[in-house]
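**Student:** Below is one structure. I have some questions about it.
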Amino acid sequence: MPDEQATEQATVSAHHDDGSATALRDDGLLVDLPAPAVAAGGWRTLRPGQRVTIARDPDGTVTAVRRPV
């Protein structure tokens, strides 16, 4: 059974050429989304203004960017 992952709701503020992105969490904190986490969510690209769910492992590392819940 997989470990429980913490999730956060956010809005994409920028998508970068290297496949990474930056998002604004609902609490106002900017979060860097590494390219492997974006790809893990099945995205080819993200667009500014797009709503996403950010998944983190127990250490706080962003592991996936998924469709909003």
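Chain labels A, B, ... are given in the sequence in which chains occur in the structure tokens; within each chain residues are numbered consecutively from 1, and ligands are likewise numbered from 1 in the order shown.
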Determine, counting only C-alpha atoms, which protein, DNA and RNA residues have an atom within 10 Å of an atom of Val69 (chain A); residues of the same chain fewer than 6 positions away are not included. Present the result as a ChimeraX atom specification.

**Tutor:** /A:7-9,51-53

**Student:** Hey, what's within 6 Å of region 14-30 of chain A if we count only C-alpha atoms and toss same-chain stuff fewer than 4 positions away? As a list in words, please?

**Tutor:** Gln9, Ala10, Pro34, Ala35, Leu46 and Pro48 of chain A

**Student:** So that I have them on file, write out the residues from the current selection with all heavy atoms, as a compact mmCIF listing (two decimals), in the first residue's frame.

**Tutor:**
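Result file out.txt:
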```txt
# COMPACT_ATOMS: atom_id res chain seq x y z
N GLN A 9 -3.62 22.64 -3.14
CA GLN A 9 -4.24 23.22 -4.33
C GLN A 9 -3.45 24.47 -4.70
O GLN A 9 -3.02 25.23 -3.82
CB GLN A 9 -5.70 23.59 -4.06
CG GLN A 9 -6.55 22.40 -3.66
CD GLN A 9 -6.60 21.35 -4.75
OE1 GLN A 9 -6.97 21.62 -5.87
NE2 GLN A 9 -6.19 20.14 -4.41
N ALA A 10 -3.27 24.69 -6.00
CA ALA A 10 -2.49 25.84 -6.45
C ALA A 10 -2.90 26.25 -7.86
O ALA A 10 -3.61 25.52 -8.55
CB ALA A 10 -1.00 25.49 -6.43
N PRO A 34 9.32 20.94 -9.92
CA PRO A 34 10.37 20.40 -10.79
C PRO A 34 9.80 19.64 -11.99
O PRO A 34 8.71 19.08 -11.92
CB PRO A 34 11.17 19.47 -9.87
CG PRO A 34 10.30 19.23 -8.69
CD PRO A 34 9.31 20.33 -8.60
N ALA A 35 10.55 19.63 -13.08
CA ALA A 35 10.11 18.97 -14.31
C ALA A 35 9.69 17.52 -14.11
O ALA A 35 8.67 17.10 -14.64
CB ALA A 35 11.19 19.09 -15.39
N LEU A 46 2.24 23.08 -18.76
CA LEU A 46 1.22 23.73 -17.93
C LEU A 46 1.09 25.15 -18.42
O LEU A 46 2.02 25.73 -18.95
CB LEU A 46 1.65 23.71 -16.46
CG LEU A 46 1.77 22.34 -15.81
CD1 LEU A 46 2.45 22.47 -14.44
CD2 LEU A 46 0.41 21.70 -15.66
N PRO A 48 -0.15 29.24 -17.46
CA PRO A 48 -0.48 30.15 -16.37
C PRO A 48 -1.99 30.24 -16.18
O PRO A 48 -2.75 30.28 -17.14
CB PRO A 48 0.11 31.48 -16.82
CG PRO A 48 1.24 31.09 -17.71
CD PRO A 48 0.74 29.85 -18.44
```

**Student:** Can you pull out every residue within 9 Å of Trp43 (chain A), counting only C-alpha atoms, but drop anything in the same chain fewer than 5 positions away, and send it as a compact mmCIF listing (two decimals) with C-alpha atoms, in the first residue's frame?

**Tutor:**
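Result saved to part03.txt:
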```
# COMPACT_ATOMS: atom_id res chain seq x y z
CA VAL A 38 5.20 17.85 -13.78
CA VAL A 65 1.49 17.78 -10.23
CA ARG A 66 -2.00 16.43 -10.84
```

**Student:** DSSP on the backbone: what in region 25-65 of chain A comes out strand (DSSP E or B), as a list in words?

**Tutor:**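 The strand (DSSP E or B) subset of region 25-65 of chain A is Arg25, Leu30, Val31, Asp32, Leu33, Arg51, Val52, Thr53, Ile54, Ala55, Arg56, Val62, Thr63, Ala64 and Val65 of chain A.
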
**Student:** Near Asp57 (chain A), counting only C-alpha atoms, which residues have an atom at most 10 Å away, once you skip same-chain residues fewer than 2 positions from it, shown as a PyMOL selection string?

**Tutor:** chain A and resi 3-7+55+59-64

**Student:** Generate a file of the selected residues that holds C-alpha atoms, formatted as a compact mmCIF listing (two decimals), in the first residue's frame.

**Tutor:**
```
# COMPACT_ATOMS: atom_id res chain seq x y z
CA ASP A 3 2.36 5.96 1.60
CA GLU A 4 -0.12 8.78 2.04
CA GLN A 5 0.98 11.94 0.24
CA ALA A 6 0.15 15.48 1.32
CA THR A 7 -1.63 17.52 -1.35
CA ALA A 55 1.54 16.07 -4.21
CA ASP A 59 9.91 14.95 3.40
CA GLY A 60 8.05 17.77 1.63
CA THR A 61 9.51 17.14 -1.83
CA VAL A 62 7.08 17.82 -4.68
CA THR A 63 6.54 14.43 -6.34
CA ALA A 64 3.69 15.07 -8.78
```

**Student:** Any chance you could list, as a list of chain:residue names, the residues in chain A that come up helix (DSSP H, G or I) when DSSP is run on the backbone?

**Tutor:**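 The helix (DSSP H, G or I) subset of chain A is A:Ala35, A:Pro36, A:Ala37, A:Val38, A:Ala39, A:Ala40.
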
**Student:** Could you check how far CA of Arg47 (chain A) sits from CA of Thr11 (chain A), in Å to one decimal?

**Tutor:**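 One can read the CA of Arg47 (chain A) to CA of Thr11 (chain A) distance as 9.4 Å.
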
**Student:** In terms of the shortest atom-to-atom distance over only C-alpha atoms, which of A:Gly41, A:Pro36, A:Pro58, A:Val31 is closest to Ser13 (chain A)?

**Tutor:**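 Of A:Gly41, A:Pro36, A:Pro58, A:Val31, the one nearest Ser13 (chain A) is A:Val31, counting only C-alpha atoms.
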